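Data block for final_38.cif (mmCIF, C-alpha atoms and all ligand atoms):
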```cif
data_my_file
loop_
_atom_site.label_atom_id
_atom_site.label_comp_id
_atom_site.auth_asym_id
_atom_site.auth_seq_id
_atom_site.Cartn_x
_atom_site.Cartn_y
_atom_site.Cartn_z
CA MET A 1 221.30 -34.06 -42.43
CA ILE A 2 218.14 -35.72 -41.18
CA ASP A 3 216.23 -38.41 -43.05
CA LEU A 4 212.49 -37.94 -42.61
CA TYR A 5 210.18 -40.87 -43.35
CA THR A 6 206.69 -39.50 -43.76
CA PHE A 7 203.39 -39.29 -45.62
CA SER A 8 200.77 -36.57 -46.08
CA THR A 9 198.93 -37.06 -42.78
CA PRO A 10 198.67 -34.98 -39.58
CA ASN A 11 201.26 -37.07 -37.71
CA GLY A 12 203.71 -36.86 -40.59
CA ARG A 13 203.20 -33.12 -40.93
CA LYS A 14 204.14 -32.47 -37.31
CA ALA A 15 207.68 -33.60 -38.13
CA SER A 16 207.97 -31.70 -41.42
CA ILE A 17 206.58 -28.49 -39.88
CA MET A 18 209.14 -28.74 -37.09
CA LEU A 19 212.03 -29.35 -39.50
CA GLU A 20 210.94 -26.33 -41.55
CA GLU A 21 210.44 -24.14 -38.47
CA VAL A 22 213.92 -24.85 -37.08
CA ASN A 23 215.52 -24.82 -40.51
CA LEU A 24 217.42 -28.10 -40.19
CA PRO A 25 218.47 -29.72 -43.47
CA TYR A 26 216.50 -32.88 -44.20
CA ALA A 27 215.78 -35.39 -46.94
CA THR A 28 212.20 -36.57 -47.32
CA HIS A 29 211.46 -40.25 -47.94
CA LYS A 30 207.82 -40.81 -48.82
CA ILE A 31 206.35 -43.91 -47.17
CA ASP A 32 203.06 -44.50 -48.96
CA ILE A 33 200.87 -45.96 -46.21
CA THR A 34 198.07 -46.61 -48.72
CA LYS A 35 200.42 -49.11 -50.43
CA GLY A 36 201.67 -50.79 -47.24
CA GLU A 37 205.18 -49.30 -47.48
CA GLN A 38 205.13 -48.81 -43.67
CA SER A 39 205.17 -52.59 -43.20
CA THR A 40 208.29 -53.52 -45.19
CA PRO A 41 211.16 -55.10 -43.20
CA GLU A 42 213.38 -52.13 -44.19
CA TYR A 43 210.95 -49.64 -42.67
CA ILE A 44 210.17 -51.78 -39.60
CA ALA A 45 213.91 -51.65 -38.89
CA ILE A 46 213.53 -47.86 -38.60
CA ASN A 47 210.15 -47.79 -36.84
CA PRO A 48 209.26 -51.06 -35.09
CA ASN A 49 205.65 -49.80 -34.84
CA GLY A 50 205.35 -49.61 -38.65
CA LYS A 51 203.84 -46.13 -38.79
CA ILE A 52 204.98 -42.74 -40.02
CA PRO A 53 206.73 -40.48 -39.13
CA ALA A 54 210.28 -41.49 -38.19
CA ILE A 55 213.62 -39.72 -38.48
CA VAL A 56 217.24 -40.78 -38.70
CA ASP A 57 219.79 -38.14 -37.75
CA ARG A 58 222.85 -38.93 -39.88
CA GLU A 59 224.97 -36.64 -37.67
CA THR A 60 224.34 -38.57 -34.43
CA GLY A 61 223.18 -41.92 -35.82
CA ILE A 62 220.05 -41.61 -33.66
CA THR A 63 216.74 -42.97 -34.99
CA VAL A 64 213.50 -41.62 -33.49
CA PHE A 65 209.91 -42.78 -34.05
CA GLU A 66 206.67 -41.45 -32.47
CA SER A 67 205.96 -37.89 -33.56
CA GLY A 68 206.03 -36.51 -29.99
CA ALA A 69 209.51 -37.94 -29.40
CA ILE A 70 210.62 -36.57 -32.78
CA LEU A 71 209.45 -33.08 -31.80
CA ILE A 72 211.31 -33.25 -28.49
CA TYR A 73 214.46 -34.55 -30.21
CA LEU A 74 214.41 -31.77 -32.83
CA ALA A 75 213.58 -29.09 -30.25
CA GLU A 76 216.59 -30.13 -28.19
CA LYS A 77 218.83 -30.35 -31.24
CA ALA A 78 217.80 -26.90 -32.48
CA GLY A 79 217.37 -25.30 -29.05
CA LYS A 80 213.93 -23.99 -30.05
CA PHE A 81 210.24 -24.37 -29.15
CA LEU A 82 210.82 -26.31 -25.87
CA PRO A 83 211.85 -24.02 -23.00
CA MET A 84 214.66 -25.14 -20.66
CA GLU A 85 213.14 -23.68 -17.50
CA SER A 86 211.22 -26.47 -15.70
CA SER A 87 207.85 -24.81 -15.13
CA LYS A 88 207.62 -23.72 -18.78
CA ARG A 89 209.12 -26.96 -20.12
CA PHE A 90 206.61 -29.18 -18.34
CA ARG A 91 203.72 -26.97 -19.42
CA VAL A 92 204.76 -27.59 -23.04
CA LEU A 93 205.32 -31.32 -22.41
CA GLU A 94 201.91 -31.76 -20.76
CA TRP A 95 200.15 -30.19 -23.76
CA LEU A 96 202.30 -32.26 -26.09
CA MET A 97 201.18 -35.40 -24.21
CA PHE A 98 197.58 -34.16 -24.34
CA GLN A 99 197.96 -34.00 -28.12
CA MET A 100 199.59 -37.43 -28.36
CA GLY A 101 197.12 -39.17 -26.05
CA GLY A 102 193.99 -37.16 -26.77
CA VAL A 103 193.80 -34.90 -29.81
CA GLY A 104 195.40 -37.30 -32.30
CA PRO A 105 193.77 -40.57 -31.23
CA MET A 106 190.27 -39.12 -30.67
CA LEU A 107 190.13 -37.06 -33.89
CA GLY A 108 191.70 -39.95 -35.76
CA GLN A 109 189.07 -42.39 -34.52
CA TYR A 110 186.26 -39.93 -35.24
CA ASN A 111 187.48 -39.47 -38.79
CA HIS A 112 187.87 -43.23 -39.24
CA PHE A 113 184.39 -44.17 -38.03
CA ASN A 114 182.68 -41.18 -39.62
CA ARG A 115 184.37 -41.30 -43.01
CA PHE A 116 186.24 -44.51 -43.71
CA ALA A 117 184.69 -47.40 -41.76
CA PRO A 118 182.92 -49.79 -44.17
CA GLU A 119 180.09 -50.11 -41.64
CA LYS A 120 178.40 -47.07 -40.05
CA ILE A 121 178.46 -47.64 -36.29
CA ASP A 122 176.39 -44.86 -34.71
CA TYR A 123 177.73 -45.52 -31.21
CA ALA A 124 181.37 -45.17 -32.30
CA ILE A 125 180.68 -42.07 -34.41
CA ALA A 126 178.81 -40.38 -31.54
CA ARG A 127 181.42 -41.37 -28.95
CA TYR A 128 184.39 -39.97 -30.88
CA ARG A 129 182.49 -36.90 -32.09
CA THR A 130 181.57 -36.03 -28.50
CA GLU A 131 185.16 -36.50 -27.39
CA THR A 132 186.50 -34.47 -30.34
CA LEU A 133 184.18 -31.57 -29.50
CA ARG A 134 185.11 -31.82 -25.82
CA ILE A 135 188.80 -31.58 -26.81
CA PHE A 136 188.01 -28.55 -29.00
CA GLY A 137 186.48 -27.02 -25.86
CA VAL A 138 189.57 -27.76 -23.74
CA LEU A 139 191.83 -26.08 -26.31
CA ASP A 140 189.42 -23.17 -26.78
CA ARG A 141 189.50 -22.43 -23.04
CA GLN A 142 193.30 -22.71 -22.96
CA LEU A 143 193.57 -20.26 -25.88
CA ALA A 144 191.01 -17.78 -24.54
CA ASP A 145 193.65 -15.56 -22.95
CA ARG A 146 196.87 -16.48 -24.77
CA ASP A 147 198.11 -16.42 -28.36
CA PHE A 148 199.56 -19.94 -28.30
CA ILE A 149 198.82 -23.07 -26.28
CA CYS A 150 201.63 -22.36 -23.78
CA ASP A 151 201.94 -18.56 -24.27
CA GLU A 152 204.97 -18.79 -26.57
CA TYR A 153 204.85 -20.79 -29.82
CA SER A 154 206.14 -24.29 -29.01
CA ILE A 155 206.13 -27.95 -30.04
CA ALA A 156 202.70 -28.18 -28.35
CA ASP A 157 201.33 -25.91 -31.11
CA ILE A 158 203.26 -27.76 -33.82
CA ALA A 159 201.90 -31.14 -32.64
CA THR A 160 198.31 -29.92 -32.36
CA PHE A 161 198.01 -27.77 -35.47
CA PRO A 162 197.84 -30.40 -38.27
CA TRP A 163 195.03 -32.23 -36.44
CA ILE A 164 192.87 -29.22 -35.66
CA ALA A 165 193.54 -27.70 -39.10
CA SER A 166 191.81 -30.72 -40.65
CA TYR A 167 188.47 -29.84 -39.00
CA GLU A 168 186.76 -29.05 -42.31
CA PHE A 169 188.03 -32.27 -43.88
CA MET A 170 186.43 -34.03 -40.90
CA GLY A 171 183.13 -32.25 -41.60
CA LEU A 172 183.35 -30.16 -38.42
CA THR A 173 183.25 -26.43 -37.71
CA LEU A 174 185.04 -24.25 -35.17
CA ASP A 175 182.16 -21.74 -34.97
CA ALA A 176 181.54 -22.64 -31.32
CA HIS A 177 185.28 -22.38 -30.54
CA PRO A 178 186.39 -18.90 -31.64
CA HIS A 179 189.70 -18.88 -29.74
CA LEU A 180 190.72 -22.17 -31.33
CA LYS A 181 189.69 -20.84 -34.75
CA ARG A 182 191.77 -17.67 -34.24
CA TRP A 183 194.76 -19.85 -33.23
CA VAL A 184 194.38 -22.06 -36.35
CA ASP A 185 194.28 -18.95 -38.54
CA THR A 186 197.37 -17.49 -36.79
CA VAL A 187 199.50 -20.64 -36.92
CA GLN A 188 198.47 -21.23 -40.54
CA GLN A 189 200.12 -17.94 -41.52
CA ARG A 190 203.59 -19.11 -40.48
CA PRO A 191 205.77 -19.79 -43.55
CA GLY A 192 207.40 -22.83 -41.90
CA VAL A 193 203.98 -24.30 -41.18
CA GLN A 194 202.89 -23.78 -44.78
CA ARG A 195 206.06 -25.41 -46.11
CA GLY A 196 205.80 -28.31 -43.63
CA MET A 197 202.15 -28.96 -44.45
CA ALA A 198 203.12 -29.47 -48.11
CA VAL A 199 205.53 -32.35 -47.30
CA PRO A 200 205.78 -34.84 -48.91
CA ALA A 201 205.20 -33.19 -52.26
N1 LIG A 301 201.55 -42.27 -32.23
C1 LIG A 301 202.11 -42.30 -33.56
C2 LIG A 301 201.00 -42.47 -34.56
C3 LIG A 301 201.51 -42.58 -35.96
C4 LIG A 301 200.40 -42.95 -36.92
O1 LIG A 301 199.31 -43.36 -36.53
N2 LIG A 301 200.71 -42.81 -38.21
C5 LIG A 301 199.74 -43.18 -39.22
C6 LIG A 301 199.55 -42.05 -40.22
S1 LIG A 301 198.96 -40.58 -39.43
C7 LIG A 301 200.24 -44.39 -39.97
O2 LIG A 301 201.41 -44.53 -40.21
N3 LIG A 301 199.32 -45.28 -40.33
C8 LIG A 301 199.63 -46.44 -41.10
C9 LIG A 301 199.15 -47.71 -40.45
O3 LIG A 301 198.48 -47.63 -39.40
O4 LIG A 301 199.42 -48.77 -40.99
C10 LIG A 301 202.89 -40.99 -33.80
O5 LIG A 301 202.41 -39.96 -33.33
O6 LIG A 301 203.93 -41.01 -34.46
#
```

Can you present the structure in this file as structure tokens?
Amino acid sequence: MIDLYTFSTPNGRKASIMLEEVNLPYATHKIDITKGEQSTPEYIAINPNGKIPAIVDRETGITVFESGAILIYLAEKAGKFLPMESSKRFRVLEWLMFQMGGVGPMLGQYNHFNRFAPEKIDYAIARYRTETLRIFGVLDRQLADRDFICDEYSIADIATFPWIASYEFMGLTLDAHPHLKRWVDTVQQRPGVQRGMAVPA
């Protein structure tokens, strides 16, 4: 059994989609980040960075924070969505790192400055919007001649999907990125993705 500490955000949904996709039993613990529950001493003991998601694997006693590390841990535990063969494995890991260092932070900052910042800072909005659209372009080119980011469905797709799927919420369109739009529509059809996106209830 795995304990999943999460909230209804793109980073949290990466972990719940993965758990649903590999069919591992898990218990969801909602950490309401709007109420500061990520900063309690009990939660900091699980994730020293005080953010969701985190998991505790009761079987091994291993605790993992950072959604990318969680995906790698679960892929290795389940033997799915992260190939063993080096050339394929590092292709998946490089796109996973691209998500962790690029897609998540840039889209997150764009959404923050565009939607939530108390003060409208045009420079910040323009900077992160430009970078978000550039990232859409990178993914669109990668998906132009393949169904999934690394040919076969992998943790690179699982990490990237919840962020790109929120494009309408962010007030953006994928009209200029048809391959990325087709990929969103395809991944969205997967039952495990639909179940994972609904966690926590
Ligand atoms: N790099 C981290 C980012 C996690 C993260 O930013 N989580 C957000 C929700 S999506 C959070 O917990 N925010 C609460 C806070 O910043 O206090 C990961 O991928 O796990």

What's around range 66-69 of chain A at 10 Å? Count all atoms listed in the file, leave out sequence neighbours fewer than 6 positions away in its own chain, and write the answer as number ranges by chain. A: 10-15, 47, 49, 51-55, 75, 93, 96-97, 99-100, 155-156, 158-159

Can you list, as a PDB file with C-alpha atoms, in the frame of the given file, every protein, DNA or RNA residue that comes within 8 Å of range 21-31 of chain A when you count all atoms listed in the file, leaving out same-chain residues fewer than 4 positions away?
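Dumped everything to part04.pdb:
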```pdb
ATOM      1  CA  MET A   1     221.300 -34.060 -42.430  1.00  0.00           C
ATOM      2  CA  ILE A   2     218.140 -35.720 -41.180  1.00  0.00           C
ATOM      3  CA  ASP A   3     216.230 -38.410 -43.050  1.00  0.00           C
ATOM      4  CA  LEU A   4     212.490 -37.940 -42.610  1.00  0.00           C
ATOM      5  CA  TYR A   5     210.180 -40.870 -43.350  1.00  0.00           C
ATOM      6  CA  THR A   6     206.690 -39.500 -43.760  1.00  0.00           C
ATOM      7  CA  PHE A   7     203.390 -39.290 -45.620  1.00  0.00           C
ATOM      8  CA  ILE A  17     206.580 -28.490 -39.880  1.00  0.00           C
ATOM      9  CA  GLU A  37     205.180 -49.300 -47.480  1.00  0.00           C
ATOM     10  CA  GLN A  38     205.130 -48.810 -43.670  1.00  0.00           C
ATOM     11  CA  ILE A  52     204.980 -42.740 -40.020  1.00  0.00           C
ATOM     12  CA  ALA A  78     217.800 -26.900 -32.480  1.00  0.00           C
ATOM     13  CA  LYS A  80     213.930 -23.990 -30.050  1.00  0.00           C
ATOM     14  CA  GLY A 192     207.400 -22.830 -41.900  1.00  0.00           C
ATOM     15  CA  VAL A 193     203.980 -24.300 -41.180  1.00  0.00           C
ATOM     16  CA  VAL A 199     205.530 -32.350 -47.300  1.00  0.00           C
ATOM     17  CA  PRO A 200     205.780 -34.840 -48.910  1.00  0.00           C
TER      18      PRO A 200
END
```

Could you tell me how far CA of Thr60 in chain A lies from CA of Met18 in chain A, in Å and to one decimal? 18.3 Å

Rank A:Pro41, A:Gly137, A:Gly101, A:Gly79 by their smallest atom-to-atom distance to ligand LIG 301 (chain A), using all atoms listed in the file, and report the top residue only.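 Looking only at the distances to ligand LIG 301 (chain A), the closest residue turns out to be A:Gly101.
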
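Among the candidates A:Pro83, A:Pro191, A:Gly196, A:Pro178, the residue lying nearest to Ser8 in chain A is A:Gly196 (atoms considered: only C-alpha atoms).
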
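Distance-wise, CA of Phe136 in chain A and CA of Val103 in chain A end up 8.6 Å apart.
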
If I wrap all listed atoms of range 42-45 of chain A in a box with edges along x, y and z and add 8 Å on each side, what are its centre and edge lengths in Å to one decimal, as lines of an AutoDock Vina configuration file?
```
center_x = 212.0
center_y = -50.9
center_z = -41.5
size_x = 19.7
size_y = 18.5
size_z = 21.3
```

When you look at Tyr167 in chain A with a cut-off of 12 Å (counting all atoms listed in the file), what residues show up, excluding the ones that are within fewer than 3 positions of it in the same chain? I need them as an MDAnalysis selection string. chainID A and resid 10 103 107:108 110:111 129 132:133 136 160:164 170:175 177 180:181 184

Two-atom distance - CA of Glu94 in chain A, CA of Tyr73 in chain A (Å):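 For CA of Glu94 in chain A relative to CA of Tyr73 in chain A, the distance reads 16.0 Å.
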
Using all atoms listed in the file, can you tell me which of A:Gln109, A:Ser86, A:Thr130, A:Gln142 comes closest to ligand LIG 301 (chain A)?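 Under the stated criterion, the closest residue is A:Gln109.
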
Fewer than 4 positions away in the same chain doesn't count, so skip those; otherwise give me all residues within 7 Å of Trp183 in chain A, counting only C-alpha atoms, as a list of chain:residue names.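 Once the nearby chain positions are removed, what remains is A:Asp147, A:Phe148, A:His179, A:Val187.
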
Of the listed residues A:Asp32, A:Asp185, A:Glu20, A:Glu131, that which approaches ligand LIG 301 (chain A) most closely, counting all atoms listed in the file: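 Smallest separation from ligand LIG 301 (chain A) among the options: A:Asp32.
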
When you count only C-alpha atoms and all ligand atoms, which of these residues is closest to ligand LIG 301 (chain A): A:Ala176, A:Phe65, A:Val56, A:Lys120?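 Going through A:Ala176, A:Phe65, A:Val56, A:Lys120 one by one, the smallest distance to ligand LIG 301 (chain A) is for A:Phe65.
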
Find, counting all atoms listed in the file, the residue in A:Ala201, A:Cys150, A:Ala144, A:Ala126 that gets nearest to Arg182 in chain A. A:Ala144
